[in-house]
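Novice: For reference, the structure I am asking about is given below.
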Amino acid sequence: MTFEFAGRTGQAALLGGACGLALAFSAAAQAQDAEMAQPATDMPEVEATGNEIIVTATKRAQTLQDVPVAVSVTSARTLEQAQIRDLKDLVSVVPSLRVTQLQSSANTNFIIRGFGNGANNAGIEPSVGVFVDGVYRSRSAAQIGDFPDVQRIEVLRGPQSTLFGKNASVGVISIVTDTPKFEFGGNVEAAYGNYDALVLKGVVTGPVSEQLAVSLAGGLNKRDGYNEDLGTGNRTNERDRWFVRGQALWEPNAQMRVRLIGDYSKIDELCCGVVNLRPSDATLAIRALGGQVNGPNEVYANRVYSNIDSTNDIENWGISGQVDYDLGPLTFTSITAYRGTEALTNQDSDFSSADLIGVNAQDQSIKTFTQELRVATNMDGPLNFLLGGYYFNENIRQTNQIGWGAQARGYADFIIRGLTQNTQSLPSVEGTISALTGTNYTGRFFTEGQKLDERYRLKNEAYSFFGQADFKVGDRITVTGGLNYTKDAKDFEASSTSSDVFANLDLVQIGGTALSRTFVSTALGTTNPATIAAFAQANPGQFAALQTQAAGFAALNANLSTTAAAADTNPLTVGNPLLALQDLQFLPPFLAVPNAVEPGRTRDDKFTYIVRVAFDLTDDINVYASYATGFKASSINLSRDSRPAPSDRAALVAGGLTVVNQTYGSRFAGPESSTVYEIGLKADWGLVTANLAAFDQRINGFQSNTFTGSGFVLANAGKQSVRGLEFEGTVKPAKGFQFNVGMTYLDPKYDSFILSAVGDLSKTRPAGIPAISSTFAATYDHEFNGGHHLILRSDFHYESPVQIAEGLPGFLDGGTRVAIAAARPYRREVNELNASISWVLPMGLELTAWGRNLTDARYLLSIFDTPAQPGSISGYTSQPRTYGVAARYRF
């Protein structure tokens, strides 16, 4: 195994700094061991920190020091002091993790070590598995929460498919909450911040009997939107959600534990605001109609324009039960869960105050059942093992609607005049096509209410069997081997109905009719229908031959037009003027699946495994080396960009199955498999900890998912790889002080990606993956006489500049180079400073003032082609500065 890193001087300096910190921490620990080997006896009792934290990353309770896995742990205390209120805030304390919220409140995307996917496309499961108390959350809508009674959050980096039964090919986020207590207690919190942010939450727990304890948590999170929508007059990117969560813990004897959990949450928010980054002629048309769009110099002005609110009405609920039973050296565990998500969203997808797209609604229902069974040993001998099985069953139903608004006709007329240099208008095009087809289309193009209706269904059933064994060789060496077999079956349906009259026209054929008539008229030297009819009657043989020649001429021009478009030249130059209007066919139908060629199903299975050797160099320093593989089954494209694969074209045409304006793309992306070579070091000298990992990680068939503004292009990359270094360390130089450092260096590459959404990206760097991500945090806890504490905390998160997107599919008419060049100017650099100050009273009251992104450093989260505005680019922006005060009472 070799690691090769190349980068700029600044990157090398940061990496050198990370290694230097590890050495400095080691030296500091050795220098202070004699005088500060134990914490002072007058320090207040606090939870474990550093490498003393207990984690369950390998489904066994171990300290962070002892578990030979690259894992970051964020404790409940850190979550409170840093005012981390959502999973997307975790990036400020876990530099290897990236979390973004984009198209809606229901959409969260997780990336670890530069790998990951998932968006507002229910058919695409994330490569990063999210688990809450051992229960897999399959979709992003189920992963947003305000962390009631959380104990810790573990982020496992690298493939975890051996022990986790579903879609953990690049990592796992495991949220662990407190179990009910057999002593009465709890806490309540109230917080207020800018944008009228109000958070109320709390948990109460206690015994019902000697064997039964319960807890109840709930909360409310409200905030005005930080974007003012000057089109609707409302504010967007708001918070308006609440939750309730109940638990029961039954321990009838020393061997058995039963934990039941039920939760319900409701989101009713306006989200998410989009800004225009690059206008086009289509944008000028919107302004000519009286509509408004952001200017490029207003990207971070917290102003957006819509004619309808982008609404999010989301319900998420679930029940789960975990049973643990100890039988001698064996512990049997069963985790059963059933979860549901109902999401109704609507969006103004032209992202302007003009009424172009009148509706873009989605109604989605997800029902998921999971069952895990496992047995684990806890023996004193050299061998311990874990065996288990996992079952997953999910059903998704989804309907979408997107349709034209009241100003669509005026907009189309403006665009047509521009495309034809004012030689044509929408009424004249309607008249021309009416004459060519014999159908009256007057006033029928782009009328309000014409729409595309979509219907999707996905059934997914999967199971896996797994096992892992640890064997100790002597006192200091542990050899681990693990194996998993997963089988995954998906059956899907997709269909659509388009009432968009213009989108259902075959402009190639209609234009060919016009060319045929032009050919005949030119040959006869007249355009007079009566003269042409008289010639046909008098010379039937010659006229028949002339028509045959005309048909051939039209077919040749149609073929040349298609070839010219593929070769990035203007189709107008080869004869068919109607082809210039194809860009206005926004809402064409797509071929339903399953059909005679496409079965509408995928069947995947895979063995994955891990081999690891861990060696305790000393009582304070552990090292390990591992090789692991991961697996994620096929993902399904449940969006209006669901199109047959090009390889199916011949069979579909031969079977007469194609629809008007048939295009090709992807229905699904095949499975992805990952491998990682990793070496690591973990050191814990009490006052100082240092964890270092170097890795070479690769994914074959990476499922790339590109947002097009109204749909998604789903495709498999041949191979994507990343080499990297990760460092995490803590130091406690004096009583009350703690410093944390986390650094990640990534060197990613598309080794092979020929069929991306923008063409061949092989040998290029994937977008959105910064070379350097780092977090620096400092905490000072000063105890006063009488038990009062003043706690100061600050952290700074940095991500080096990186291009946001590889390219934009909307510019492919100009070729791959143009599509790539269109995205090149848009880069992201993250510099976020967060801080808090808390006063903790001995009677249980805590008062906190906090701020996130204190310097108001803004950046773009993503960019995409603006729907219904060819040549225009839009994007989502990061959250501005937020601050507030909070009061918490523990009892």
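How things are named: the first chain in the structure tokens is A, the next is B, and so on; residues count from 1 in each chain; ligands count from 1 in the order shown.
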Just list the residues in stretch 234-383 of chain A DSSP gives helix (DSSP H, G or I) on the backbone, as a VMD selection string.
Specialist: chain A and resid 281 to 288 296 to 298
Novice: Using only C-alpha atoms, determine which residues lie at most 7 Å from stretch 842-859 of chain A, disregarding the query and same-chain residues fewer than 4 positions distant; provide the list as a short mmCIF file (atom, residue, chain, number, x, y, z; two decimals) with N, CA and C atoms, in the first residue's frame.
Specialist:
```cif
data_model
loop_
_atom_site.label_atom_id
_atom_site.label_comp_id
_atom_site.auth_asym_id
_atom_site.auth_seq_id
_atom_site.Cartn_x
_atom_site.Cartn_y
_atom_site.Cartn_z
N GLY A 787 -18.95 26.80 43.75
CA GLY A 787 -19.36 25.86 42.71
C GLY A 787 -19.86 26.49 41.43
N HIS A 788 -19.81 27.81 41.29
CA HIS A 788 -20.20 28.45 40.04
C HIS A 788 -19.11 28.23 38.98
N ARG A 828 -16.09 27.73 -3.61
CA ARG A 828 -16.52 27.87 -2.22
C ARG A 828 -15.29 27.84 -1.30
N GLU A 829 -15.27 28.73 -0.34
CA GLU A 829 -14.28 28.72 0.74
C GLU A 829 -15.03 28.99 2.04
N VAL A 830 -14.78 28.19 3.05
CA VAL A 830 -15.51 28.29 4.30
C VAL A 830 -14.58 28.82 5.39
N ASN A 831 -15.04 29.87 6.06
CA ASN A 831 -14.35 30.43 7.23
C ASN A 831 -15.42 30.80 8.25
N GLU A 832 -15.72 29.88 9.17
CA GLU A 832 -16.81 30.11 10.12
C GLU A 832 -16.27 30.12 11.55
N LEU A 833 -16.62 31.19 12.25
CA LEU A 833 -16.22 31.34 13.65
C LEU A 833 -17.47 31.25 14.52
N ASN A 834 -17.43 30.37 15.50
CA ASN A 834 -18.54 30.19 16.44
C ASN A 834 -18.02 30.36 17.87
N ALA A 835 -18.87 30.83 18.76
CA ALA A 835 -18.42 31.04 20.14
C ALA A 835 -19.62 31.03 21.07
N SER A 836 -19.33 30.73 22.34
CA SER A 836 -20.36 30.79 23.38
C SER A 836 -19.72 31.10 24.72
N ILE A 837 -20.52 31.68 25.61
CA ILE A 837 -20.10 31.93 27.00
C ILE A 837 -21.24 31.49 27.90
N SER A 838 -20.92 30.67 28.89
CA SER A 838 -21.95 30.11 29.76
C SER A 838 -21.62 30.36 31.22
N THR A 877 -27.36 29.53 -1.05
CA THR A 877 -26.33 30.18 -0.24
C THR A 877 -26.34 29.64 1.18
N SER A 878 -25.23 29.84 1.87
CA SER A 878 -25.10 29.40 3.26
C SER A 878 -25.86 30.32 4.19
N PRO A 880 -26.53 32.97 7.18
CA PRO A 880 -25.79 34.12 7.71
C PRO A 880 -25.51 33.97 9.20
N ARG A 881 -24.98 35.02 9.77
CA ARG A 881 -24.67 35.03 11.21
C ARG A 881 -25.95 34.86 12.03
N THR A 882 -25.87 33.99 13.03
CA THR A 882 -26.97 33.82 13.99
C THR A 882 -26.39 33.92 15.40
N TYR A 883 -27.20 34.42 16.30
CA TYR A 883 -26.75 34.58 17.68
C TYR A 883 -27.96 34.63 18.59
N GLY A 884 -27.70 34.43 19.87
CA GLY A 884 -28.81 34.45 20.81
C GLY A 884 -28.38 34.12 22.21
N VAL A 885 -29.37 33.93 23.06
CA VAL A 885 -29.14 33.58 24.46
C VAL A 885 -29.99 32.35 24.78
N ALA A 886 -29.53 31.59 25.77
CA ALA A 886 -30.25 30.37 26.16
C ALA A 886 -30.16 30.19 27.66
N ALA A 887 -31.20 29.59 28.21
CA ALA A 887 -31.21 29.24 29.63
C ALA A 887 -31.61 27.77 29.74
N ARG A 888 -30.84 27.02 30.51
CA ARG A 888 -31.10 25.59 30.69
C ARG A 888 -31.12 25.28 32.19
N TYR A 889 -32.09 24.48 32.59
CA TYR A 889 -32.17 24.08 34.00
C TYR A 889 -32.17 22.57 34.08
N ARG A 890 -31.23 22.04 34.84
CA ARG A 890 -31.12 20.60 35.04
C ARG A 890 -31.67 20.25 36.42
N PHE A 891 -32.42 19.17 36.48
CA PHE A 891 -32.97 18.77 37.77
C PHE A 891 -32.90 17.26 37.92
#
```
Novice: Give me every strand (DSSP E or B) residue in stretch 418-491 of chain A, going by DSSP on the backbone, as a ChimeraX atom specification.
Specialist: /A:451-473,477-491
Novice: Those same residues, written as a PDB file, in the first residue's frame with C-alpha atoms?
Specialist:
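And here is the file that came out, result-v7.pdb:
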```pdb
ATOM      1  CA  LYS A 451     -48.525  20.527 -16.800  1.00  0.00           C
ATOM      2  CA  LEU A 452     -46.529  17.339 -16.460  1.00  0.00           C
ATOM      3  CA  ASP A 453     -47.946  14.793 -14.010  1.00  0.00           C
ATOM      4  CA  GLU A 454     -45.549  12.140 -12.702  1.00  0.00           C
ATOM      5  CA  ARG A 455     -46.144   8.973 -10.697  1.00  0.00           C
ATOM      6  CA  TYR A 456     -43.478   6.836  -9.032  1.00  0.00           C
ATOM      7  CA  ARG A 457     -43.359   3.761  -6.866  1.00  0.00           C
ATOM      8  CA  LEU A 458     -40.389   1.906  -5.399  1.00  0.00           C
ATOM      9  CA  LYS A 459     -40.360  -1.316  -3.402  1.00  0.00           C
ATOM     10  CA  ASN A 460     -37.082  -2.299  -1.793  1.00  0.00           C
ATOM     11  CA  GLU A 461     -36.398  -5.509   0.103  1.00  0.00           C
ATOM     12  CA  ALA A 462     -32.959  -6.388   1.378  1.00  0.00           C
ATOM     13  CA  TYR A 463     -31.309  -8.669   3.885  1.00  0.00           C
ATOM     14  CA  SER A 464     -27.792  -9.253   5.085  1.00  0.00           C
ATOM     15  CA  PHE A 465     -25.872 -11.632   7.316  1.00  0.00           C
ATOM     16  CA  PHE A 466     -22.733 -10.507   9.080  1.00  0.00           C
ATOM     17  CA  GLY A 467     -20.083 -11.691  11.470  1.00  0.00           C
ATOM     18  CA  GLN A 468     -16.920 -10.324  13.012  1.00  0.00           C
ATOM     19  CA  ALA A 469     -14.347 -11.937  15.290  1.00  0.00           C
ATOM     20  CA  ASP A 470     -11.521 -10.475  17.373  1.00  0.00           C
ATOM     21  CA  PHE A 471      -8.612 -12.736  18.308  1.00  0.00           C
ATOM     22  CA  LYS A 472      -5.941 -11.592  20.751  1.00  0.00           C
ATOM     23  CA  VAL A 473      -2.403 -12.733  20.074  1.00  0.00           C
ATOM     24  CA  ILE A 477      -2.022  -7.736  19.354  1.00  0.00           C
ATOM     25  CA  THR A 478      -5.620  -8.148  18.207  1.00  0.00           C
ATOM     26  CA  VAL A 479      -6.502  -9.561  14.797  1.00  0.00           C
ATOM     27  CA  THR A 480      -9.999  -8.839  13.466  1.00  0.00           C
ATOM     28  CA  GLY A 481     -11.837 -10.419  10.588  1.00  0.00           C
ATOM     29  CA  GLY A 482     -15.366  -9.648   9.429  1.00  0.00           C
ATOM     30  CA  LEU A 483     -17.680 -10.775   6.639  1.00  0.00           C
ATOM     31  CA  ASN A 484     -21.047  -9.561   5.365  1.00  0.00           C
ATOM     32  CA  TYR A 485     -23.353 -10.812   2.641  1.00  0.00           C
ATOM     33  CA  THR A 486     -26.067  -8.427   1.415  1.00  0.00           C
ATOM     34  CA  LYS A 487     -28.807  -9.107  -1.125  1.00  0.00           C
ATOM     35  CA  ASP A 488     -30.945  -6.210  -2.345  1.00  0.00           C
ATOM     36  CA  ALA A 489     -34.020  -6.241  -4.608  1.00  0.00           C
ATOM     37  CA  LYS A 490     -35.735  -3.132  -5.979  1.00  0.00           C
ATOM     38  CA  ASP A 491     -38.890  -2.977  -8.102  1.00  0.00           C
TER      39      ASP A 491
END
```
